[in-house]
file protein31.cif (mmCIF, N, CA and C atoms and all ligand atoms)
data_work
#
loop_
_atom_site.label_atom_id
_atom_site.label_comp_id
_atom_site.auth_asym_id
_atom_site.auth_seq_id
_atom_site.Cartn_x
_atom_site.Cartn_y
_atom_site.Cartn_z
N MET N 25 -13.28 -1.24 16.02
CA MET N 25 -12.42 -0.88 14.88
C MET N 25 -12.74 -1.77 13.67
N GLU N 26 -12.87 -1.13 12.55
CA GLU N 26 -13.12 -1.91 11.36
C GLU N 26 -11.84 -2.06 10.56
N ASP N 27 -11.75 -3.15 9.84
CA ASP N 27 -10.65 -3.27 8.89
C ASP N 27 -10.85 -2.26 7.78
N MET N 28 -9.75 -1.77 7.27
CA MET N 28 -9.82 -0.82 6.17
C MET N 28 -9.44 -1.56 4.89
N ILE N 29 -10.25 -1.39 3.91
CA ILE N 29 -10.10 -2.17 2.68
C ILE N 29 -9.95 -1.25 1.49
N THR N 30 -8.99 -1.58 0.64
CA THR N 30 -8.84 -0.88 -0.63
C THR N 30 -8.41 -1.92 -1.66
N ASN N 31 -8.01 -1.45 -2.82
CA ASN N 31 -7.62 -2.40 -3.85
C ASN N 31 -6.22 -2.11 -4.35
N CYS N 32 -5.55 -3.17 -4.73
CA CYS N 32 -4.21 -3.04 -5.30
C CYS N 32 -4.29 -2.24 -6.59
N PRO N 33 -3.45 -1.21 -6.74
CA PRO N 33 -3.48 -0.42 -7.97
C PRO N 33 -2.94 -1.19 -9.17
N SER N 34 -2.28 -2.29 -8.92
CA SER N 34 -1.69 -3.05 -10.00
C SER N 34 -2.61 -4.18 -10.47
N CYS N 35 -3.10 -4.97 -9.55
CA CYS N 35 -3.87 -6.15 -9.95
C CYS N 35 -5.31 -6.11 -9.43
N ASP N 36 -5.64 -5.07 -8.69
CA ASP N 36 -7.01 -4.87 -8.20
C ASP N 36 -7.44 -5.87 -7.14
N ALA N 37 -6.48 -6.57 -6.57
CA ALA N 37 -6.81 -7.46 -5.46
C ALA N 37 -7.24 -6.65 -4.25
N GLU N 38 -8.01 -7.28 -3.41
CA GLU N 38 -8.44 -6.59 -2.20
C GLU N 38 -7.29 -6.53 -1.20
N ILE N 39 -7.06 -5.33 -0.70
CA ILE N 39 -6.01 -5.12 0.29
C ILE N 39 -6.69 -4.74 1.60
N VAL N 40 -6.40 -5.47 2.64
CA VAL N 40 -7.01 -5.19 3.93
C VAL N 40 -5.93 -4.74 4.90
N PHE N 41 -6.13 -3.59 5.49
CA PHE N 41 -5.18 -3.12 6.50
C PHE N 41 -5.65 -3.56 7.87
N ASP N 42 -4.75 -3.88 8.71
CA ASP N 42 -5.09 -3.98 10.13
C ASP N 42 -5.32 -2.58 10.67
N ASP N 43 -6.02 -2.50 11.76
CA ASP N 43 -6.27 -1.15 12.28
C ASP N 43 -5.06 -0.57 12.99
N ASP N 44 -3.99 -1.32 13.04
CA ASP N 44 -2.76 -0.73 13.57
C ASP N 44 -1.81 -0.31 12.45
N ALA N 45 -2.29 -0.38 11.21
CA ALA N 45 -1.48 0.09 10.09
C ALA N 45 -1.23 1.58 10.22
N GLU N 46 -0.14 2.00 9.64
CA GLU N 46 0.20 3.42 9.72
C GLU N 46 0.47 3.97 8.34
N GLU N 47 0.18 5.23 8.16
CA GLU N 47 0.52 5.88 6.90
C GLU N 47 2.02 5.79 6.68
N GLY N 48 2.40 5.49 5.46
CA GLY N 48 3.81 5.37 5.15
C GLY N 48 4.33 3.95 5.28
N GLU N 49 3.52 3.08 5.85
CA GLU N 49 3.92 1.69 6.00
C GLU N 49 3.93 1.00 4.63
N ILE N 50 4.87 0.13 4.45
CA ILE N 50 4.94 -0.63 3.20
C ILE N 50 4.35 -2.01 3.44
N ILE N 51 3.38 -2.35 2.61
CA ILE N 51 2.79 -3.67 2.70
C ILE N 51 2.94 -4.35 1.35
N GLU N 52 2.72 -5.64 1.33
CA GLU N 52 2.90 -6.38 0.09
C GLU N 52 1.55 -6.89 -0.39
N CYS N 53 1.29 -6.72 -1.64
CA CYS N 53 0.05 -7.23 -2.20
C CYS N 53 0.06 -8.76 -2.13
N PRO N 54 -0.98 -9.36 -1.57
CA PRO N 54 -1.02 -10.82 -1.46
C PRO N 54 -1.18 -11.52 -2.79
N GLU N 55 -1.63 -10.80 -3.80
CA GLU N 55 -1.85 -11.40 -5.11
C GLU N 55 -0.63 -11.29 -6.01
N CYS N 56 -0.18 -10.07 -6.23
CA CYS N 56 0.89 -9.88 -7.21
C CYS N 56 2.24 -9.61 -6.56
N GLY N 57 2.23 -9.37 -5.26
CA GLY N 57 3.49 -9.28 -4.54
C GLY N 57 4.21 -7.95 -4.62
N ILE N 58 3.61 -6.98 -5.30
CA ILE N 58 4.29 -5.70 -5.34
C ILE N 58 4.21 -5.00 -3.98
N GLU N 59 5.12 -4.13 -3.77
CA GLU N 59 5.11 -3.38 -2.53
C GLU N 59 4.22 -2.16 -2.68
N LEU N 60 3.42 -1.96 -1.66
CA LEU N 60 2.46 -0.87 -1.66
C LEU N 60 2.69 0.00 -0.44
N GLU N 61 2.68 1.29 -0.66
CA GLU N 61 2.81 2.21 0.45
C GLU N 61 1.43 2.71 0.85
N ILE N 62 1.15 2.66 2.13
CA ILE N 62 -0.11 3.20 2.62
C ILE N 62 0.00 4.72 2.62
N VAL N 63 -0.81 5.35 1.79
CA VAL N 63 -0.75 6.81 1.72
C VAL N 63 -1.87 7.46 2.53
N SER N 64 -2.89 6.70 2.83
CA SER N 64 -4.00 7.24 3.62
C SER N 64 -4.72 6.09 4.30
N LEU N 65 -5.20 6.34 5.48
CA LEU N 65 -5.94 5.32 6.21
C LEU N 65 -7.45 5.56 6.17
N ASP N 66 -7.84 6.80 5.98
CA ASP N 66 -9.26 7.11 5.98
C ASP N 66 -9.53 8.20 4.97
N PRO N 67 -9.88 7.88 3.75
CA PRO N 67 -10.18 6.53 3.27
C PRO N 67 -8.91 5.73 3.03
N ALA N 68 -9.06 4.43 3.05
CA ALA N 68 -7.92 3.56 2.79
C ALA N 68 -7.41 3.77 1.38
N GLU N 69 -6.12 4.02 1.27
CA GLU N 69 -5.56 4.26 -0.05
C GLU N 69 -4.11 3.83 -0.06
N VAL N 70 -3.71 3.16 -1.12
CA VAL N 70 -2.32 2.76 -1.27
C VAL N 70 -1.82 3.18 -2.64
N GLN N 71 -0.52 3.27 -2.75
CA GLN N 71 0.07 3.47 -4.06
C GLN N 71 1.26 2.53 -4.17
N GLU N 72 1.67 2.27 -5.41
CA GLU N 72 2.84 1.42 -5.58
C GLU N 72 4.04 2.09 -4.96
N ALA N 73 4.73 1.37 -4.14
CA ALA N 73 5.96 1.91 -3.57
C ALA N 73 7.01 1.94 -4.68
N ALA N 74 7.80 2.97 -4.67
CA ALA N 74 8.84 3.08 -5.68
C ALA N 74 9.81 1.91 -5.54
N GLU N 75 10.03 1.20 -6.60
CA GLU N 75 10.93 0.06 -6.51
C GLU N 75 12.38 0.48 -6.51
N GLU N 76 12.63 1.61 -7.16
CA GLU N 76 14.01 2.06 -7.24
C GLU N 76 14.47 2.63 -5.92
N GLU N 77 15.73 2.54 -5.70
CA GLU N 77 16.31 3.24 -4.57
C GLU N 77 16.14 4.73 -4.83
N GLU N 78 16.16 5.49 -3.77
CA GLU N 78 16.09 6.93 -3.97
C GLU N 78 17.29 7.36 -4.80
N ASP N 79 16.98 7.98 -5.88
CA ASP N 79 18.05 8.32 -6.82
C ASP N 79 17.73 9.66 -7.47
N TRP N 80 17.65 10.64 -6.63
CA TRP N 80 17.24 11.94 -7.11
C TRP N 80 18.42 12.72 -7.70
N SER N 81 19.59 12.39 -7.27
CA SER N 81 20.74 13.14 -7.77
C SER N 81 21.06 12.69 -9.18
N GLU N 82 21.44 13.58 -9.97
CA GLU N 82 21.71 13.28 -11.38
C GLU N 82 23.04 12.55 -11.52
ZN ZN E 101 -1.55 -6.67 -6.55
#

call {"tool": "encode", "arguments": {"input": "protein31.cif", "output": "structure tokens", "more": "lines below"}}
Ligand SMILES: [Zn+2]
result
Amino acid sequence: MEDMITNCPSCDAEIVFDDDAEEGEIIECPECGIELEIVSLDPAEVQEAAEEEEDWSE
């Protein structure tokens, strides 16, 4: 198993997933500390996790 590597969308730091990472898991960027949601494992891809609570109702 290889580590999966991508970059932080905010600060471009290298983000390395363990091979037991799962889609939907929230990880923290080691550089800037923002929360990142794993959206894909192959290819490795993350997006900024929404900081706000779910607030869809008007
Ligand atoms: Zn970052």

call {"tool": "residues_near_ligand", "arguments": {"input": "protein31.cif", "ligand": "ligand ZN 101 (chain E)", "cutoff": "12 Å", "atoms": "only C-alpha atoms and all ligand atoms", "output": "short mmCIF file (atom, residue, chain, number, x, y, z; two decimals) with N, CA and C atoms, in the coordinates of the input"}}
result
data_model
loop_
_atom_site.label_atom_id
_atom_site.label_comp_id
_atom_site.auth_asym_id
_atom_site.auth_seq_id
_atom_site.Cartn_x
_atom_site.Cartn_y
_atom_site.Cartn_z
N THR N 30 -8.99 -1.58 0.64
CA THR N 30 -8.84 -0.88 -0.63
C THR N 30 -8.41 -1.92 -1.66
N ASN N 31 -8.01 -1.45 -2.82
CA ASN N 31 -7.62 -2.40 -3.85
C ASN N 31 -6.22 -2.11 -4.35
N CYS N 32 -5.55 -3.17 -4.73
CA CYS N 32 -4.21 -3.04 -5.30
C CYS N 32 -4.29 -2.24 -6.59
N PRO N 33 -3.45 -1.21 -6.74
CA PRO N 33 -3.48 -0.42 -7.97
C PRO N 33 -2.94 -1.19 -9.17
N SER N 34 -2.28 -2.29 -8.92
CA SER N 34 -1.69 -3.05 -10.00
C SER N 34 -2.61 -4.18 -10.47
N CYS N 35 -3.10 -4.97 -9.55
CA CYS N 35 -3.87 -6.15 -9.95
C CYS N 35 -5.31 -6.11 -9.43
N ASP N 36 -5.64 -5.07 -8.69
CA ASP N 36 -7.01 -4.87 -8.20
C ASP N 36 -7.44 -5.87 -7.14
N ALA N 37 -6.48 -6.57 -6.57
CA ALA N 37 -6.81 -7.46 -5.46
C ALA N 37 -7.24 -6.65 -4.25
N GLU N 38 -8.01 -7.28 -3.41
CA GLU N 38 -8.44 -6.59 -2.20
C GLU N 38 -7.29 -6.53 -1.20
N ILE N 39 -7.06 -5.33 -0.70
CA ILE N 39 -6.01 -5.12 0.29
C ILE N 39 -6.69 -4.74 1.60
N VAL N 40 -6.40 -5.47 2.64
CA VAL N 40 -7.01 -5.19 3.93
C VAL N 40 -5.93 -4.74 4.90
N ILE N 51 3.38 -2.35 2.61
CA ILE N 51 2.79 -3.67 2.70
C ILE N 51 2.94 -4.35 1.35
N GLU N 52 2.72 -5.64 1.33
CA GLU N 52 2.90 -6.38 0.09
C GLU N 52 1.55 -6.89 -0.39
N CYS N 53 1.29 -6.72 -1.64
CA CYS N 53 0.05 -7.23 -2.20
C CYS N 53 0.06 -8.76 -2.13
N PRO N 54 -0.98 -9.36 -1.57
CA PRO N 54 -1.02 -10.82 -1.46
C PRO N 54 -1.18 -11.52 -2.79
N GLU N 55 -1.63 -10.80 -3.80
CA GLU N 55 -1.85 -11.40 -5.11
C GLU N 55 -0.63 -11.29 -6.01
N CYS N 56 -0.18 -10.07 -6.23
CA CYS N 56 0.89 -9.88 -7.21
C CYS N 56 2.24 -9.61 -6.56
N GLY N 57 2.23 -9.37 -5.26
CA GLY N 57 3.49 -9.28 -4.54
C GLY N 57 4.21 -7.95 -4.62
N ILE N 58 3.61 -6.98 -5.30
CA ILE N 58 4.29 -5.70 -5.34
C ILE N 58 4.21 -5.00 -3.98
N GLU N 59 5.12 -4.13 -3.77
CA GLU N 59 5.11 -3.38 -2.53
C GLU N 59 4.22 -2.16 -2.68
N LEU N 60 3.42 -1.96 -1.66
CA LEU N 60 2.46 -0.87 -1.66
C LEU N 60 2.69 0.00 -0.44
N VAL N 70 -3.71 3.16 -1.12
CA VAL N 70 -2.32 2.76 -1.27
C VAL N 70 -1.82 3.18 -2.64
N GLN N 71 -0.52 3.27 -2.75
CA GLN N 71 0.07 3.47 -4.06
C GLN N 71 1.26 2.53 -4.17
N GLU N 72 1.67 2.27 -5.41
CA GLU N 72 2.84 1.42 -5.58
C GLU N 72 4.04 2.09 -4.96
N ALA N 73 4.73 1.37 -4.14
CA ALA N 73 5.96 1.91 -3.57
C ALA N 73 7.01 1.94 -4.68
#

call {"tool": "closest_residue", "arguments": {"input": "protein31.cif", "among": "N:Ile62, N:Ala68, N:Ala74, N:Ile29", "to": "Glu47 (chain N)", "atoms": "all atoms listed in the file"}}
result
N:Ile62

call {"tool": "select_by_dssp", "arguments": {"input": "protein31.cif", "residues": "chain N", "states": "strand (DSSP E or B)", "output": "list in words"}}
result
Met28, Ile29, Thr30, Asn31, Glu38, Ile39, Val40, Phe41, Ile50, Ile51, Glu52, Glu59, Leu60, Glu61, Ile62, Val63, Ser64, Leu65, Ala68, Glu69, Val70, Gln71 and Glu72 of chain N

call {"tool": "atom_distance", "arguments": {"input": "protein31.cif", "atom1": "atom N of Glu69 (chain N)", "atom2": "atom N of Asp44 (chain N)"}}
result
13.1 Å
